Amino acid sequence: AVLYAAEFDYVPGRMDEVCAALDKESFDYRIGSVHYVDGFAFDDPDCIGGWDAFGRDRVWDRYLDLLREFVERHSFEILAHADLPKKFGFRPSRPDLVENRFEEIFRIAAKKGVCLELNTAGLRCPCAEIYPAPNLVRLARKAGMRISLASDAHKPSDVGRDFDRAIALAKDAGFASASVFCSRELIPLPFD
């Protein structure tokens, strides 16, 4: 089966317009993501110099503010690449504080039935790690979230790439299945 879906960004001040456009479509699922912090495209290789101007902790802090707002205020089925700011290896100086913020975001997402995407594209980036990191996958499990798998393929050869590693990560965190959506209805797919 071919499923109909869209990934959309949280753009403060424009979400009425975005949601009105999305509501016109009969998507099987919607993927929510954040790629911009105050106009800075932190995951764009052409903008990598902006990290020095913004500062890594400021990017992470603002990103987590936006991610929480997005999860609280809007509806979607899957939260995409939750720790995307790590893409180029820019890690927060206080990972414990970031974990605490993710824990809160994941609790909110779990209450709304939002799945956490395990995205293998990070393995093909400088961070060389699935999105999100193993410790965050464990926090999502503890919060009661379900997961989905994605390769974030931008070329055919990357479709489904490294799913074996994503499944191993999921199992290690205590998950027994991944989820897909059809007409926005969750369908669990057991690993075994």
# chains A, B, ... in the order shown; residues from 1 in each chain; ligands from 1
$ closest_atom_pairs --of "region 75-185 of chain A" --to "region 4-20 of chain A" --cutoff "10 Å" --atoms "only C-alpha atoms" --output "JSON lines"
{"residue": "A:Ser75", "atom": "CA", "partner": "A:Cys19", "partner_atom": "CA", "distance": 9.0}
{"residue": "A:Phe76", "atom": "CA", "partner": "A:Phe8", "partner_atom": "CA", "distance": 9.2}
{"residue": "A:Ile78", "atom": "CA", "partner": "A:Glu7", "partner_atom": "CA", "distance": 9.0}
{"residue": "A:Leu79", "atom": "CA", "partner": "A:Glu7", "partner_atom": "CA", "distance": 9.4}
{"residue": "A:Ala80", "atom": "CA", "partner": "A:Glu7", "partner_atom": "CA", "distance": 8.2}
{"residue": "A:Phe181", "atom": "CA", "partner": "A:Ala5", "partner_atom": "CA", "distance": 9.4}
{"residue": "A:Cys182", "atom": "CA", "partner": "A:Tyr4", "partner_atom": "CA", "distance": 8.6}
{"residue": "A:Ser183", "atom": "CA", "partner": "A:Tyr4", "partner_atom": "CA", "distance": 8.8}
{"residue": "A:Arg184", "atom": "CA", "partner": "A:Ala5", "partner_atom": "CA", "distance": 9.7}
$ closest_atom_pairs --of "region 117-140 of chain A" --to "region 82-98 of chain A" --cutoff "8 Å" --atoms "only C-alpha atoms" --output "CSV"
residue,atom,partner,partner_atom,distance
A:Glu117,CA,A:Ala82,CA,7.5
A:Gly122,CA,A:Lys87,CA,6.5
A:Cys125,CA,A:Lys87,CA,6.1
A:Pro126,CA,A:Phe88,CA,5.0
A:Cys127,CA,A:Gly89,CA,4.8
A:Tyr131,CA,A:Asp83,CA,6.0
A:Pro132,CA,A:Asp83,CA,5.3
A:Ala133,CA,A:Asp83,CA,7.4
$ write_last_selection --atoms "N, CA and C atoms" --output "mmCIF file, in the first residue's frame"
data_model
loop_
_atom_site.group_PDB
_atom_site.id
_atom_site.type_symbol
_atom_site.label_atom_id
_atom_site.label_comp_id
_atom_site.auth_asym_id
_atom_site.auth_seq_id
_atom_site.Cartn_x
_atom_site.Cartn_y
_atom_site.Cartn_z
ATOM 1 N N GLU A 117 9.358 9.338 16.016
ATOM 2 C CA GLU A 117 10.023 8.780 14.852
ATOM 3 C C GLU A 117 11.459 8.387 15.201
ATOM 4 N N GLY A 122 20.135 10.261 10.497
ATOM 5 C CA GLY A 122 21.246 10.762 11.303
ATOM 6 C C GLY A 122 22.508 9.938 11.148
ATOM 7 N N CYS A 125 24.764 11.460 8.591
ATOM 8 C CA CYS A 125 25.137 12.851 8.856
ATOM 9 C C CYS A 125 26.356 12.887 9.777
ATOM 10 N N PRO A 126 26.953 14.061 9.960
ATOM 11 C CA PRO A 126 28.123 14.144 10.843
ATOM 12 C C PRO A 126 27.890 13.624 12.257
ATOM 13 N N CYS A 127 26.676 13.711 12.775
ATOM 14 C CA CYS A 127 26.415 13.213 14.132
ATOM 15 C C CYS A 127 26.504 11.686 14.197
ATOM 16 N N TYR A 131 18.260 9.572 14.951
ATOM 17 C CA TYR A 131 17.444 10.567 15.660
ATOM 18 C C TYR A 131 16.253 9.831 16.267
ATOM 19 N N PRO A 132 15.984 9.989 17.537
ATOM 20 C CA PRO A 132 16.804 10.612 18.567
ATOM 21 C C PRO A 132 17.815 9.626 19.156
ATOM 22 N N ALA A 133 18.673 10.163 19.982
ATOM 23 C CA ALA A 133 19.719 9.387 20.648
ATOM 24 C C ALA A 133 19.112 8.308 21.538
#
$ closest_residue --among "A:Leu67, A:Ala128, A:Val159, A:Val114" --to "Ser179 (chain A)" --atoms "only C-alpha atoms"
A:Val114
$ select_by_dssp --residues "chain A" --states "strand (DSSP E)" --output "PDB file with N, CA and C atoms, in the first residue's frame"
ATOM      1  N   ALA A   5       0.984  11.143   3.101  1.00  0.00           N
ATOM      2  CA  ALA A   5       1.414  11.843   4.304  1.00  0.00           C
ATOM      3  C   ALA A   5       2.138  13.132   3.948  1.00  0.00           C
ATOM      4  N   ALA A   6       2.361  13.943   4.970  1.00  0.00           N
ATOM      5  CA  ALA A   6       3.119  15.182   4.802  1.00  0.00           C
ATOM      6  C   ALA A   6       3.889  15.478   6.078  1.00  0.00           C
ATOM      7  N   GLU A   7       5.091  16.001   5.891  1.00  0.00           N
ATOM      8  CA  GLU A   7       5.852  16.551   7.015  1.00  0.00           C
ATOM      9  C   GLU A   7       5.661  18.051   6.974  1.00  0.00           C
ATOM     10  N   PHE A   8       5.340  18.629   8.125  1.00  0.00           N
ATOM     11  CA  PHE A   8       5.189  20.078   8.154  1.00  0.00           C
ATOM     12  C   PHE A   8       5.913  20.654   9.357  1.00  0.00           C
ATOM     13  N   ASP A   9       6.394  21.873   9.157  1.00  0.00           N
ATOM     14  CA  ASP A   9       7.186  22.568  10.160  1.00  0.00           C
ATOM     15  C   ASP A   9       6.319  23.444  11.043  1.00  0.00           C
ATOM     16  N   TYR A  29      -1.284  10.156   7.601  1.00  0.00           N
ATOM     17  CA  TYR A  29      -0.614  10.657   8.791  1.00  0.00           C
ATOM     18  C   TYR A  29       0.108  11.951   8.466  1.00  0.00           C
ATOM     19  N   ARG A  30       0.395  12.698   9.532  1.00  0.00           N
ATOM     20  CA  ARG A  30       1.120  13.959   9.421  1.00  0.00           C
ATOM     21  C   ARG A  30       2.333  13.890  10.341  1.00  0.00           C
ATOM     22  N   ILE A  31       3.442  14.386   9.849  1.00  0.00           N
ATOM     23  CA  ILE A  31       4.695  14.376  10.599  1.00  0.00           C
ATOM     24  C   ILE A  31       5.020  15.815  10.991  1.00  0.00           C
ATOM     25  N   GLY A  32       5.160  16.061  12.275  1.00  0.00           N
ATOM     26  CA  GLY A  32       5.491  17.391  12.755  1.00  0.00           C
ATOM     27  C   GLY A  32       6.979  17.528  13.023  1.00  0.00           C
ATOM     28  N   SER A  33       7.531  18.677  12.630  1.00  0.00           N
ATOM     29  CA  SER A  33       8.971  18.883  12.815  1.00  0.00           C
ATOM     30  C   SER A  33       9.295  20.358  13.029  1.00  0.00           C
ATOM     31  N   ILE A  78       3.099  11.896  14.104  1.00  0.00           N
ATOM     32  CA  ILE A  78       4.494  11.492  14.312  1.00  0.00           C
ATOM     33  C   ILE A  78       5.365  12.720  14.548  1.00  0.00           C
ATOM     34  N   LEU A  79       6.187  12.650  15.586  1.00  0.00           N
ATOM     35  CA  LEU A  79       7.166  13.702  15.877  1.00  0.00           C
ATOM     36  C   LEU A  79       8.481  13.316  15.209  1.00  0.00           C
ATOM     37  N   CYS A 115       3.406   9.556  18.044  1.00  0.00           N
ATOM     38  CA  CYS A 115       4.521   8.600  17.987  1.00  0.00           C
ATOM     39  C   CYS A 115       5.837   9.336  17.816  1.00  0.00           C
ATOM     40  N   LEU A 116       6.887   8.757  18.332  1.00  0.00           N
ATOM     41  CA  LEU A 116       8.237   9.268  18.141  1.00  0.00           C
ATOM     42  C   LEU A 116       8.869   8.569  16.946  1.00  0.00           C
ATOM     43  N   GLU A 117       9.358   9.338  16.016  1.00  0.00           N
ATOM     44  CA  GLU A 117      10.023   8.780  14.852  1.00  0.00           C
ATOM     45  C   GLU A 117      11.459   8.387  15.201  1.00  0.00           C
ATOM     46  N   LEU A 118      11.827   7.139  14.879  1.00  0.00           N
ATOM     47  CA  LEU A 118      13.233   6.737  14.910  1.00  0.00           C
ATOM     48  C   LEU A 118      13.709   6.895  13.476  1.00  0.00           C
ATOM     49  N   ASN A 119      14.564   7.879  13.266  1.00  0.00           N
ATOM     50  CA  ASN A 119      14.946   8.310  11.934  1.00  0.00           C
ATOM     51  C   ASN A 119      16.411   7.963  11.687  1.00  0.00           C
ATOM     52  N   ILE A 147       6.455   4.311  18.794  1.00  0.00           N
ATOM     53  CA  ILE A 147       7.459   4.742  17.826  1.00  0.00           C
ATOM     54  C   ILE A 147       7.030   4.391  16.409  1.00  0.00           C
ATOM     55  N   SER A 148       7.641   5.087  15.464  1.00  0.00           N
ATOM     56  CA  SER A 148       7.537   4.753  14.051  1.00  0.00           C
ATOM     57  C   SER A 148       8.963   4.766  13.495  1.00  0.00           C
ATOM     58  N   LEU A 149       9.152   4.170  12.334  1.00  0.00           N
ATOM     59  CA  LEU A 149      10.472   4.114  11.713  1.00  0.00           C
ATOM     60  C   LEU A 149      10.483   4.971  10.452  1.00  0.00           C
ATOM     61  N   ALA A 150      11.604   5.628  10.209  1.00  0.00           N
ATOM     62  CA  ALA A 150      11.760   6.444   9.001  1.00  0.00           C
ATOM     63  C   ALA A 150      13.217   6.466   8.586  1.00  0.00           C
ATOM     64  N   SER A 177       7.203  -3.101  19.231  1.00  0.00           N
ATOM     65  CA  SER A 177       6.614  -2.868  17.919  1.00  0.00           C
ATOM     66  C   SER A 177       6.873  -1.438  17.471  1.00  0.00           C
ATOM     67  N   ALA A 178       6.701  -1.225  16.179  1.00  0.00           N
ATOM     68  CA  ALA A 178       6.671   0.117  15.606  1.00  0.00           C
ATOM     69  C   ALA A 178       5.230   0.360  15.170  1.00  0.00           C
ATOM     70  N   SER A 179       4.925   1.571  14.769  1.00  0.00           N
ATOM     71  CA  SER A 179       3.562   1.903  14.377  1.00  0.00           C
ATOM     72  C   SER A 179       3.548   2.543  12.997  1.00  0.00           C
ATOM     73  N   VAL A 180       2.474   2.283  12.279  1.00  0.00           N
ATOM     74  CA  VAL A 180       2.172   2.987  11.039  1.00  0.00           C
ATOM     75  C   VAL A 180       0.755   3.534  11.191  1.00  0.00           C
ATOM     76  N   PHE A 181       0.376   4.406  10.294  1.00  0.00           N
ATOM     77  CA  PHE A 181      -0.954   4.992  10.325  1.00  0.00           C
ATOM     78  C   PHE A 181      -1.620   4.838   8.975  1.00  0.00           C
ATOM     79  N   CYS A 182      -2.887   4.510   9.016  1.00  0.00           N
ATOM     80  CA  CYS A 182      -3.718   4.467   7.822  1.00  0.00           C
ATOM     81  C   CYS A 182      -4.986   5.238   8.179  1.00  0.00           C
ATOM     82  N   GLU A 185      -5.340   6.251  11.733  1.00  0.00           N
ATOM     83  CA  GLU A 185      -5.525   5.190  12.723  1.00  0.00           C
ATOM     84  C   GLU A 185      -4.210   4.455  12.909  1.00  0.00           C
ATOM     85  N   LEU A 186      -3.773   4.330  14.148  1.00  0.00           N
ATOM     86  CA  LEU A 186      -2.512   3.669  14.455  1.00  0.00           C
ATOM     87  C   LEU A 186      -2.633   2.156  14.260  1.00  0.00           C
ATOM     88  N   ILE A 187      -1.648   1.590  13.583  1.00  0.00           N
ATOM     89  CA  ILE A 187      -1.579   0.140  13.381  1.00  0.00           C
ATOM     90  C   ILE A 187      -0.228  -0.309  13.910  1.00  0.00           C
ATOM     91  N   PRO A 188      -0.213  -1.115  14.995  1.00  0.00           N
ATOM     92  CA  PRO A 188       1.070  -1.606  15.524  1.00  0.00           C
ATOM     93  C   PRO A 188       1.624  -2.728  14.643  1.00  0.00           C
ATOM     94  N   LEU A 189       2.939  -2.705  14.460  1.00  0.00           N
ATOM     95  CA  LEU A 189       3.639  -3.732  13.705  1.00  0.00           C
ATOM     96  C   LEU A 189       4.669  -4.380  14.635  1.00  0.00           C
ATOM     97  N   PRO A 190       4.326  -5.526  15.221  1.00  0.00           N
ATOM     98  CA  PRO A 190       5.255  -6.177  16.151  1.00  0.00           C
ATOM     99  C   PRO A 190       6.579  -6.529  15.479  1.00  0.00           C
TER     100      PRO A 190
END
$ closest_residue --among "A:Leu136, A:Ala121, A:Val37, A:Val71" --to "Arg165 (chain A)" --atoms "only C-alpha atoms"
A:Ala121
$ select_by_dssp --residues "region 10-172 of chain A" --states "alpha helix (DSSP H)" --output "ChimeraX atom specification"
/A:15-23,50-54,56-73,95-111,134-143,163-172
$ residues_around --residues "region 138-141 of chain A" --least-positions-apart "2" --cutoff "9 Å" --atoms "only C-alpha atoms" --output "list in words"
Glu99, Phe102, Glu103, Phe106, Arg107, Ala110, Leu116, Ala133, Pro134, Asn135, Leu136, Ala143, Gly144, Met145, Arg146, Ile147, Ala170, Asp172, Ala173, Gly174 and Phe175 of chain A
$ atom_distance --atom1 "CA of Glu72 (chain A)" --atom2 "CA of Asp38 (chain A)"
18.9 Å
